[in-house]
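Printed here is entry.csv (CSV, C-alpha atoms):
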```csv
chain,number,residue,atom,x,y,z
R,28,MET,CA,-20.2,0.1,-4.0
R,29,LYS,CA,-20.7,-3.3,-2.3
R,30,SER,CA,-18.9,-4.7,0.7
R,31,GLY,CA,-18.3,-8.1,2.3
R,32,TYR,CA,-15.7,-10.2,4.0
R,33,PHE,CA,-13.2,-12.7,2.7
R,34,LYS,CA,-11.2,-15.3,4.6
R,35,SER,CA,-7.5,-15.0,4.6
R,36,PHE,CA,-4.7,-17.6,5.1
R,37,ASP,CA,-5.4,-17.9,8.9
R,38,GLN,CA,-9.2,-17.9,8.4
R,39,GLY,CA,-9.3,-14.3,9.6
R,40,GLU,CA,-12.1,-12.3,8.0
R,41,LEU,CA,-11.1,-9.0,6.4
R,42,LEU,CA,-13.6,-6.5,5.1
R,43,TYR,CA,-13.4,-5.7,1.4
R,44,ARG,CA,-15.2,-3.3,-1.0
R,45,VAL,CA,-15.9,-3.4,-4.7
R,46,TRP,CA,-17.0,-0.6,-7.0
R,47,ASN,CA,-18.2,-0.7,-10.6
R,48,TYR,CA,-18.0,-4.4,-10.9
R,49,GLN,CA,-18.8,-6.0,-14.2
R,50,GLU,CA,-17.6,-9.4,-15.2
R,51,GLY,CA,-14.9,-9.3,-17.8
R,52,GLN,CA,-13.6,-5.8,-16.9
R,53,LYS,CA,-10.0,-5.0,-16.1
R,54,ALA,CA,-9.6,-4.7,-12.3
R,55,LEU,CA,-7.8,-2.2,-10.1
R,56,VAL,CA,-6.9,-3.3,-6.6
R,57,VAL,CA,-6.2,-0.2,-4.4
R,58,LEU,CA,-4.6,-0.5,-1.0
R,59,HIS,CA,-4.9,2.2,1.6
R,60,ARG,CA,-2.0,3.8,3.4
R,61,GLY,CA,-1.1,3.0,7.0
R,62,HIS,CA,-3.6,4.2,9.7
R,63,GLU,CA,-6.4,4.5,7.2
R,64,HIS,CA,-9.1,2.2,5.7
R,65,SER,CA,-10.7,1.4,2.3
R,66,GLU,CA,-13.7,3.6,2.7
R,67,ARG,CA,-11.4,6.6,2.2
R,68,LEU,CA,-10.9,5.4,-1.4
R,69,GLN,CA,-14.5,6.1,-2.2
R,70,GLU,CA,-13.8,9.4,-4.0
R,71,MET,CA,-11.2,7.8,-6.3
R,72,ALA,CA,-13.2,4.7,-6.9
R,73,THR,CA,-16.2,6.8,-8.1
R,74,ASP,CA,-14.3,9.1,-10.3
R,75,PRO,CA,-15.6,8.9,-13.9
R,76,GLN,CA,-12.1,8.2,-15.3
R,77,PHE,CA,-12.2,4.8,-13.6
R,78,ALA,CA,-15.7,3.9,-14.7
R,79,ASP,CA,-14.5,1.2,-17.0
R,80,TYR,CA,-12.7,-0.7,-14.3
R,81,SER,CA,-13.8,-3.0,-11.5
R,82,ILE,CA,-12.2,-1.6,-8.4
R,83,PHE,CA,-11.4,-3.7,-5.3
R,84,ALA,CA,-10.0,-2.7,-1.9
R,85,PHE,CA,-9.9,-4.2,1.6
R,86,ASP,CA,-9.2,-3.0,5.1
R,87,LEU,CA,-5.8,-4.2,6.3
R,88,ARG,CA,-5.5,-6.0,9.6
R,89,GLY,CA,-6.4,-3.8,12.5
R,90,HIS,CA,-7.8,-1.1,10.2
R,91,GLY,CA,-11.3,0.2,9.4
R,92,HIS,CA,-14.0,-2.4,9.8
R,93,THR,CA,-11.7,-5.4,9.7
R,94,LYS,CA,-11.9,-7.0,13.2
R,95,VAL,CA,-8.7,-9.1,12.8
R,96,PRO,CA,-6.1,-7.4,15.0
R,97,VAL,CA,-2.8,-6.0,13.6
R,98,SER,CA,-0.2,-8.7,13.2
R,99,SER,CA,3.4,-8.0,14.2
R,100,VAL,CA,4.5,-10.1,11.2
R,101,PHE,CA,4.8,-8.0,8.1
R,102,MET,CA,4.4,-10.9,5.7
R,103,ASP,CA,0.9,-11.6,7.1
R,104,ASN,CA,-0.2,-8.5,5.2
R,105,VAL,CA,1.4,-9.9,2.0
R,106,ARG,CA,-0.4,-13.2,2.5
R,107,ASP,CA,-3.7,-11.3,2.9
R,108,LEU,CA,-3.2,-9.6,-0.4
R,109,ASP,CA,-2.4,-12.9,-2.1
R,110,TYR,CA,-5.5,-14.5,-0.7
R,111,PHE,CA,-7.6,-11.5,-1.7
R,112,VAL,CA,-6.5,-11.7,-5.3
R,113,SER,CA,-7.3,-15.4,-5.2
R,114,TYR,CA,-10.7,-14.6,-3.8
R,115,MET,CA,-11.3,-12.1,-6.6
R,116,ARG,CA,-10.5,-14.9,-9.1
R,117,THR,CA,-12.9,-17.4,-7.6
R,118,GLU,CA,-15.8,-15.1,-6.5
R,119,TYR,CA,-15.6,-12.5,-9.2
R,120,ALA,CA,-14.0,-14.3,-12.2
R,121,VAL,CA,-11.2,-11.8,-12.3
R,122,ASP,CA,-8.1,-13.1,-14.1
R,123,THR,CA,-4.9,-12.2,-12.3
R,124,GLU,CA,-3.4,-11.0,-15.6
R,125,ASP,CA,-6.1,-8.3,-15.7
R,126,VAL,CA,-5.2,-6.9,-12.2
R,127,PHE,CA,-3.3,-3.7,-11.7
R,128,VAL,CA,-2.5,-2.7,-8.1
R,129,ILE,CA,-2.2,0.8,-6.7
R,130,ALA,CA,-0.8,1.2,-3.3
R,131,ASN,CA,0.2,4.0,-1.0
R,132,SER,CA,3.0,4.3,1.6
R,133,ILE,CA,3.2,1.1,3.7
R,134,ALA,CA,0.9,-0.7,1.3
R,135,GLY,CA,3.5,0.0,-1.4
R,136,VAL,CA,5.9,-2.2,0.5
R,137,ILE,CA,3.3,-4.9,0.9
R,138,VAL,CA,2.6,-5.0,-2.8
R,139,SER,CA,6.3,-4.9,-3.7
R,140,ALA,CA,6.9,-7.8,-1.4
R,141,TRP,CA,4.0,-9.7,-2.9
R,142,VAL,CA,5.2,-9.2,-6.4
R,143,HIS,CA,8.8,-10.0,-5.4
R,144,ASP,CA,8.1,-13.1,-3.3
R,145,PHE,CA,5.0,-14.6,-5.0
R,146,ALA,CA,5.6,-13.4,-8.6
R,147,PRO,CA,1.9,-13.1,-9.5
R,148,PRO,CA,1.4,-12.5,-13.2
R,149,ILE,CA,-0.4,-9.1,-12.7
R,150,ALA,CA,-0.6,-6.4,-15.3
R,151,GLY,CA,1.5,-4.0,-13.2
R,152,MET,CA,1.7,-1.9,-10.1
R,153,ALA,CA,1.7,1.8,-9.2
R,154,LEU,CA,3.4,2.7,-5.9
R,155,LEU,CA,2.6,6.1,-4.3
R,156,ALA,CA,5.4,7.2,-2.0
R,157,PRO,CA,6.2,3.6,-1.0
R,158,ALA,CA,7.5,3.5,2.6
R,159,PHE,CA,10.7,1.4,2.0
R,160,GLU,CA,12.4,3.6,4.5
R,161,ILE,CA,10.6,5.9,7.0
R,162,LYS,CA,12.0,9.1,8.4
R,163,LEU,CA,12.0,8.6,12.1
R,164,TYR,CA,14.0,11.8,12.9
R,165,VAL,CA,15.0,10.8,16.4
R,166,PRO,CA,18.6,9.4,16.4
R,167,LEU,CA,18.7,5.6,16.8
R,168,ALA,CA,14.8,5.5,16.8
R,169,SER,CA,14.6,2.2,14.9
R,170,GLN,CA,17.1,0.6,17.3
R,171,MET,CA,15.2,1.9,20.3
R,172,ILE,CA,11.9,0.6,19.0
R,173,ALA,CA,13.5,-2.8,18.3
R,174,LEU,CA,14.8,-2.9,21.8
R,175,GLY,CA,11.4,-1.9,23.1
R,176,THR,CA,9.7,-4.7,21.4
R,177,LYS,CA,12.0,-7.2,23.1
R,178,LEU,CA,11.1,-5.7,26.5
R,179,LYS,CA,7.4,-5.4,25.6
R,180,LYS,CA,6.1,-7.8,22.9
R,181,ASP,CA,3.0,-5.8,22.2
R,182,LEU,CA,4.6,-2.4,22.2
R,183,VAL,CA,2.5,0.3,20.6
R,184,ILE,CA,3.8,3.7,19.5
R,185,GLN,CA,2.0,6.8,18.3
R,186,SER,CA,2.7,8.3,14.8
R,187,TYR,CA,4.3,11.7,14.7
R,188,VAL,CA,2.8,12.4,11.3
R,189,LYS,CA,0.5,15.4,11.1
R,190,VAL,CA,-2.1,15.6,8.3
R,191,LYS,CA,-0.6,18.8,7.0
R,192,VAL,CA,2.4,16.8,5.7
R,193,LEU,CA,0.1,14.4,3.9
R,194,THR,CA,-2.0,16.8,1.9
R,195,HIS,CA,-2.3,20.6,1.3
R,196,ASP,CA,-6.0,20.3,0.6
R,197,ILE,CA,-7.8,21.8,3.6
R,198,GLU,CA,-11.0,19.8,3.1
R,199,GLN,CA,-9.0,16.6,3.0
R,200,GLN,CA,-7.1,17.6,6.1
R,201,GLN,CA,-10.4,18.2,8.0
R,202,ALA,CA,-11.9,14.9,6.7
R,203,TYR,CA,-8.7,13.0,7.9
R,204,ASP,CA,-8.8,14.5,11.4
R,205,ALA,CA,-12.5,13.9,11.7
R,206,ASP,CA,-12.5,10.3,10.7
R,207,PRO,CA,-12.9,8.1,13.8
R,208,LEU,CA,-11.6,5.0,12.0
R,209,ILE,CA,-8.2,6.5,11.4
R,210,SER,CA,-5.8,5.4,14.1
R,211,LYS,CA,-2.4,7.0,15.0
R,212,SER,CA,-1.2,3.8,16.8
R,213,ILE,CA,1.6,1.7,15.3
R,214,ASN,CA,2.5,-1.8,16.4
R,215,GLY,CA,6.2,-1.6,17.3
R,216,ALA,CA,7.2,-5.1,16.1
R,217,LEU,CA,5.4,-4.6,12.8
R,218,LEU,CA,7.2,-1.4,12.2
R,219,VAL,CA,10.6,-3.1,12.8
R,220,ASP,CA,9.6,-6.0,10.5
R,221,LEU,CA,8.4,-3.5,7.9
R,222,LEU,CA,11.7,-1.7,7.8
R,223,LYS,CA,13.6,-5.0,7.4
R,224,ALA,CA,11.3,-5.9,4.5
R,225,GLY,CA,11.9,-2.6,2.9
R,226,VAL,CA,15.6,-3.1,2.9
R,227,ARG,CA,15.3,-6.6,1.5
R,228,ILE,CA,12.9,-5.7,-1.3
R,229,VAL,CA,15.0,-2.6,-2.4
R,230,ASP,CA,18.2,-4.6,-2.3
R,231,ASP,CA,16.7,-7.3,-4.6
R,232,ALA,CA,14.4,-5.1,-6.7
R,233,ALA,CA,15.9,-6.3,-9.9
R,234,ALA,CA,14.0,-9.6,-9.4
R,235,ILE,CA,10.8,-7.7,-10.1
R,236,ASP,CA,9.9,-8.0,-13.8
R,237,ILE,CA,6.4,-6.4,-14.2
R,238,PRO,CA,5.5,-2.9,-15.3
R,239,VAL,CA,6.0,-0.4,-12.4
R,240,ILE,CA,5.1,3.2,-11.9
R,241,VAL,CA,6.5,5.0,-8.8
R,242,LEU,CA,5.2,8.4,-7.7
R,243,SER,CA,7.6,10.1,-5.4
R,244,ALA,CA,6.9,13.3,-3.6
R,245,GLU,CA,9.5,16.1,-4.3
R,246,LYS,CA,9.4,17.0,-0.6
R,247,ASP,CA,8.4,14.1,1.6
R,248,TYR,CA,8.5,14.5,5.4
R,249,VAL,CA,7.5,10.9,6.1
R,250,VAL,CA,9.4,8.5,3.8
R,251,LYS,CA,12.7,8.7,1.9
R,252,ASN,CA,12.3,9.3,-1.8
R,253,SER,CA,15.9,8.6,-2.5
R,254,VAL,CA,15.3,4.9,-1.6
R,255,GLN,CA,12.2,4.9,-3.8
R,256,LYS,CA,14.4,6.0,-6.7
R,257,GLN,CA,17.0,3.3,-5.9
R,258,PHE,CA,14.2,0.7,-5.9
R,259,PHE,CA,13.0,1.8,-9.3
R,260,VAL,CA,16.4,2.2,-11.0
R,261,SER,CA,17.2,-1.3,-9.9
R,262,ILE,CA,14.1,-2.6,-11.7
R,263,ALA,CA,14.7,-0.5,-14.7
R,264,SER,CA,18.4,-1.5,-15.0
R,265,LYS,CA,17.4,-5.2,-15.4
R,266,LEU,CA,14.6,-4.5,-17.8
R,267,LYS,CA,16.9,-2.3,-19.8
R,268,THR,CA,14.0,0.2,-20.3
R,269,PHE,CA,14.2,3.8,-21.1
R,270,ILE,CA,13.6,5.8,-17.9
R,271,THR,CA,11.7,9.0,-18.0
R,272,LEU,CA,11.7,11.5,-15.2
R,273,ARG,CA,9.3,14.3,-15.3
R,274,ASN,CA,7.4,16.4,-12.8
R,275,PHE,CA,4.1,15.0,-11.8
R,276,TYR,CA,2.1,17.6,-9.9
R,277,HIS,CA,4.5,18.1,-6.9
R,278,GLY,CA,6.4,14.9,-7.4
R,279,ILE,CA,8.3,12.8,-9.8
R,280,LEU,CA,7.0,10.0,-12.0
R,281,PHE,CA,9.3,7.1,-12.9
R,282,GLU,CA,7.9,4.8,-15.6
R,283,SER,CA,8.9,1.3,-16.9
R,284,ASN,CA,7.1,-1.0,-19.3
```

Whole structure given in structure tokens:
Amino acid sequence: MKSGYFKSFDQGELLYRVWNYQEGQKALVVLHRGHEHSERLQEMATDPQFADYSIFAFDLRGHGHTKVPVSSVFMDNVRDLDYFVSYMRTEYAVDTEDVFVIANSIAGVIVSAWVHDFAPPIAGMALLAPAFEIKLYVPLASQMIALGTKLKKDLVIQSYVKVKVLTHDIEQQQAYDADPLISKSINGALLVDLLKAGVRIVDDAAAIDIPVIVLSAEKDYVVKNSVQKQFFVSIASKLKTFITLRNFYHGILFESN
């Protein structure tokens, strides 16, 4: 694994990592979920089944070793991804057509927005429990957060998510809780903007015309899997593909190609 920094659209420097790089190989871009950072992808990136792929990842704004602070504008994260793939093309000679993106939770919305708005000719994307709609539980929570951001521009809220609802693996739970780079803080304005983006992308998902895999947890306490299914079915209906639904570990896999 090697690491470095790339400059994004606003000249902000974001840390990135690359594993198994060989010129001419197909590339996987893997985006970490909210609160986390790219170093936590090490186990996946070094798994022998991915040995034939160049694997790239970067720390989102305000995460891990990236010193650029969190932006309250959701689309800034989308622009970062677009600049990173361009950086891969110029610095690592990776053709965009040879890129497949894997993204979890909030990052799944970032990738979906990038594919929808920028229409990059990538090979496809896999979304793991994409956070198009987050379960906030408290009645009128999104409205209260939106109001709070008007009263306090830099409003920060704390995540209610406990590690036990993210994984049943005890060792992974312990690693998550012990990681000093994982933050439970959430920028209120960014959360509001994210939720708006989720609605927009799901409503116009039929505009997406690349291969898509959605992995949706059967019991998800954080995001709504019904919205994930709505997103996928909208894509599949336009492509007129055969949809297969089958159990995938403890979730559901929806495929289109």

As an exercise, work out the distance from CA of His143 (chain R) to CA of Leu163 (chain R) in Å and give it to one decimal place.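 Interatomic distance here is 25.7 Å.
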
Name all residues at most 8 Å from Ala158 (chain R) (count all atoms listed in the file; drop same-chain ones fewer than 6 positions away) and give them as a list in words. Ser132, Ile133, Ala134, Gly135, Val136, Gly225, Val250 and Lys251 of chain R

Keeping C-alpha atoms for every residue in the selection just given, could you write it to a file as a short mmCIF file (atom, residue, chain, number, x, y, z; two decimals), in the frame of the given file?
```cif
data_model
loop_
_atom_site.label_atom_id
_atom_site.label_comp_id
_atom_site.auth_asym_id
_atom_site.auth_seq_id
_atom_site.Cartn_x
_atom_site.Cartn_y
_atom_site.Cartn_z
CA SER R 132 3.00 4.30 1.60
CA ILE R 133 3.20 1.10 3.70
CA ALA R 134 0.90 -0.70 1.30
CA GLY R 135 3.50 0.00 -1.40
CA VAL R 136 5.90 -2.20 0.50
CA GLY R 225 11.90 -2.60 2.90
CA VAL R 250 9.40 8.50 3.80
CA LYS R 251 12.70 8.70 1.90
#
```

Rounded to one decimal in Å, what is the spacing between CA of Ser99 (chain R) and CA of Val249 (chain R)? 21.0 Å

Give me, as a ChimeraX atom specification, all polymer residues having an atom no more than 8 Å from His64 (chain R), counting all atoms listed in the file and skipping those fewer than 6 positions away in the same chain. /R:85-87,90-92,208-209

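Atom pair CA of Asp125 (chain R) / CA of Ala232 (chain R) has a distance of 22.6 Å (rounded to one decimal).
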
Using all atoms listed in the file, can you tell me which of R:Val126, R:Met102, R:Met115, R:Asp37 comes closest to Tyr80 (chain R)?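 Once distances to Tyr80 (chain R) are computed over all atoms listed in the file, the minimum belongs to R:Val126.
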
Contacts of Leu154 (chain R) at 12 Å (only C-alpha atoms; same-chain gap of 3+ positions) as a JSON list (two decimals) with C-alpha atoms, keeping the file's coordinate frame:
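Heads up, here's the output in part.json:
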```
[["chain", "number", "residue", "atom", "x", "y", "z"],
["R", 56, "VAL", "CA", -6.90, -3.30, -6.60],
["R", 57, "VAL", "CA", -6.20, -0.20, -4.40],
["R", 58, "LEU", "CA", -4.60, -0.50, -1.00],
["R", 59, "HIS", "CA", -4.90, 2.20, 1.60],
["R", 60, "ARG", "CA", -2.00, 3.80, 3.40],
["R", 127, "PHE", "CA", -3.30, -3.70, -11.70],
["R", 128, "VAL", "CA", -2.50, -2.70, -8.10],
["R", 129, "ILE", "CA", -2.20, 0.80, -6.70],
["R", 130, "ALA", "CA", -0.80, 1.20, -3.30],
["R", 131, "ASN", "CA", 0.20, 4.00, -1.00],
["R", 132, "SER", "CA", 3.00, 4.30, 1.60],
["R", 133, "ILE", "CA", 3.20, 1.10, 3.70],
["R", 134, "ALA", "CA", 0.90, -0.70, 1.30],
["R", 135, "GLY", "CA", 3.50, 0.00, -1.40],
["R", 136, "VAL", "CA", 5.90, -2.20, 0.50],
["R", 137, "ILE", "CA", 3.30, -4.90, 0.90],
["R", 138, "VAL", "CA", 2.60, -5.00, -2.80],
["R", 139, "SER", "CA", 6.30, -4.90, -3.70],
["R", 140, "ALA", "CA", 6.90, -7.80, -1.40],
["R", 151, "GLY", "CA", 1.50, -4.00, -13.20],
["R", 157, "PRO", "CA", 6.20, 3.60, -1.00],
["R", 158, "ALA", "CA", 7.50, 3.50, 2.60],
["R", 159, "PHE", "CA", 10.70, 1.40, 2.00],
["R", 238, "PRO", "CA", 5.50, -2.90, -15.30],
["R", 239, "VAL", "CA", 6.00, -0.40, -12.40],
["R", 240, "ILE", "CA", 5.10, 3.20, -11.90],
["R", 241, "VAL", "CA", 6.50, 5.00, -8.80],
["R", 242, "LEU", "CA", 5.20, 8.40, -7.70],
["R", 243, "SER", "CA", 7.60, 10.10, -5.40],
["R", 244, "ALA", "CA", 6.90, 13.30, -3.60],
["R", 252, "ASN", "CA", 12.30, 9.30, -1.80],
["R", 255, "GLN", "CA", 12.20, 4.90, -3.80],
["R", 256, "LYS", "CA", 14.40, 6.00, -6.70],
["R", 258, "PHE", "CA", 14.20, 0.70, -5.90],
["R", 259, "PHE", "CA", 13.00, 1.80, -9.30],
["R", 279, "ILE", "CA", 8.30, 12.80, -9.80],
["R", 280, "LEU", "CA", 7.00, 10.00, -12.00],
["R", 281, "PHE", "CA", 9.30, 7.10, -12.90],
["R", 282, "GLU", "CA", 7.90, 4.80, -15.60]]
```

Box for region 30-38 of chain R: with edges along x, y and z, all listed atoms inside and 8 Å added on each side, what are the centre and edge lengths in Å to one decimal, as JSON?
```
{"center_x": -11.8, "center_y": -11.3, "center_z": 4.8, "size_x": 30.2, "size_y": 29.2, "size_z": 24.2}
```

Counting all atoms listed in the file, which of R:Glu63, R:Asp247, R:Asp109, R:Glu160 gets nearest to Phe145 (chain R)?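 Of R:Glu63, R:Asp247, R:Asp109, R:Glu160, the one nearest Phe145 (chain R) is R:Asp109, counting all atoms listed in the file.
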
Restricting the calculation to all atoms listed in the file, which member of R:Leu174, R:Val112, R:Asp196, R:Ala54 is positioned closest to Ala150 (chain R)?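 Using all atoms listed in the file, the shortest distance to Ala150 (chain R) belongs to R:Ala54.
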
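In terms of minimum interatomic distance to Trp46 (chain R), R:Thr73 ranks closest within R:Thr73, R:Ser261, R:Thr176, R:Ser212, counting all atoms listed in the file.
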
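Within 12 Å of the point (-5.1, -18.8, 0.8), and counting all atoms listed in the file, the protein, DNA and RNA residues are R:Phe33, R:Lys34, R:Ser35, R:Phe36, R:Asp37, R:Gln38, R:Gly39, R:Glu40, R:Asp103, R:Val105, R:Arg106, R:Asp107, R:Leu108, R:Asp109, R:Tyr110, R:Phe111, R:Val112, R:Ser113, R:Tyr114, R:Met115, R:Arg116, R:Thr117.
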
Atoms kept (C-alpha atoms) for selection, written as an mmCIF file, in the frame of the given file:
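Below you can see selection.cif, which holds the result:
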```
data_model
loop_
_atom_site.group_PDB
_atom_site.id
_atom_site.type_symbol
_atom_site.label_atom_id
_atom_site.label_comp_id
_atom_site.auth_asym_id
_atom_site.auth_seq_id
_atom_site.Cartn_x
_atom_site.Cartn_y
_atom_site.Cartn_z
ATOM 1 C CA PHE R 33 -13.200 -12.700 2.700
ATOM 2 C CA LYS R 34 -11.200 -15.300 4.600
ATOM 3 C CA SER R 35 -7.500 -15.000 4.600
ATOM 4 C CA PHE R 36 -4.700 -17.600 5.100
ATOM 5 C CA ASP R 37 -5.400 -17.900 8.900
ATOM 6 C CA GLN R 38 -9.200 -17.900 8.400
ATOM 7 C CA GLY R 39 -9.300 -14.300 9.600
ATOM 8 C CA GLU R 40 -12.100 -12.300 8.000
ATOM 9 C CA ASP R 103 0.900 -11.600 7.100
ATOM 10 C CA VAL R 105 1.400 -9.900 2.000
ATOM 11 C CA ARG R 106 -0.400 -13.200 2.500
ATOM 12 C CA ASP R 107 -3.700 -11.300 2.900
ATOM 13 C CA LEU R 108 -3.200 -9.600 -0.400
ATOM 14 C CA ASP R 109 -2.400 -12.900 -2.100
ATOM 15 C CA TYR R 110 -5.500 -14.500 -0.700
ATOM 16 C CA PHE R 111 -7.600 -11.500 -1.700
ATOM 17 C CA VAL R 112 -6.500 -11.700 -5.300
ATOM 18 C CA SER R 113 -7.300 -15.400 -5.200
ATOM 19 C CA TYR R 114 -10.700 -14.600 -3.800
ATOM 20 C CA MET R 115 -11.300 -12.100 -6.600
ATOM 21 C CA ARG R 116 -10.500 -14.900 -9.100
ATOM 22 C CA THR R 117 -12.900 -17.400 -7.600
#
```
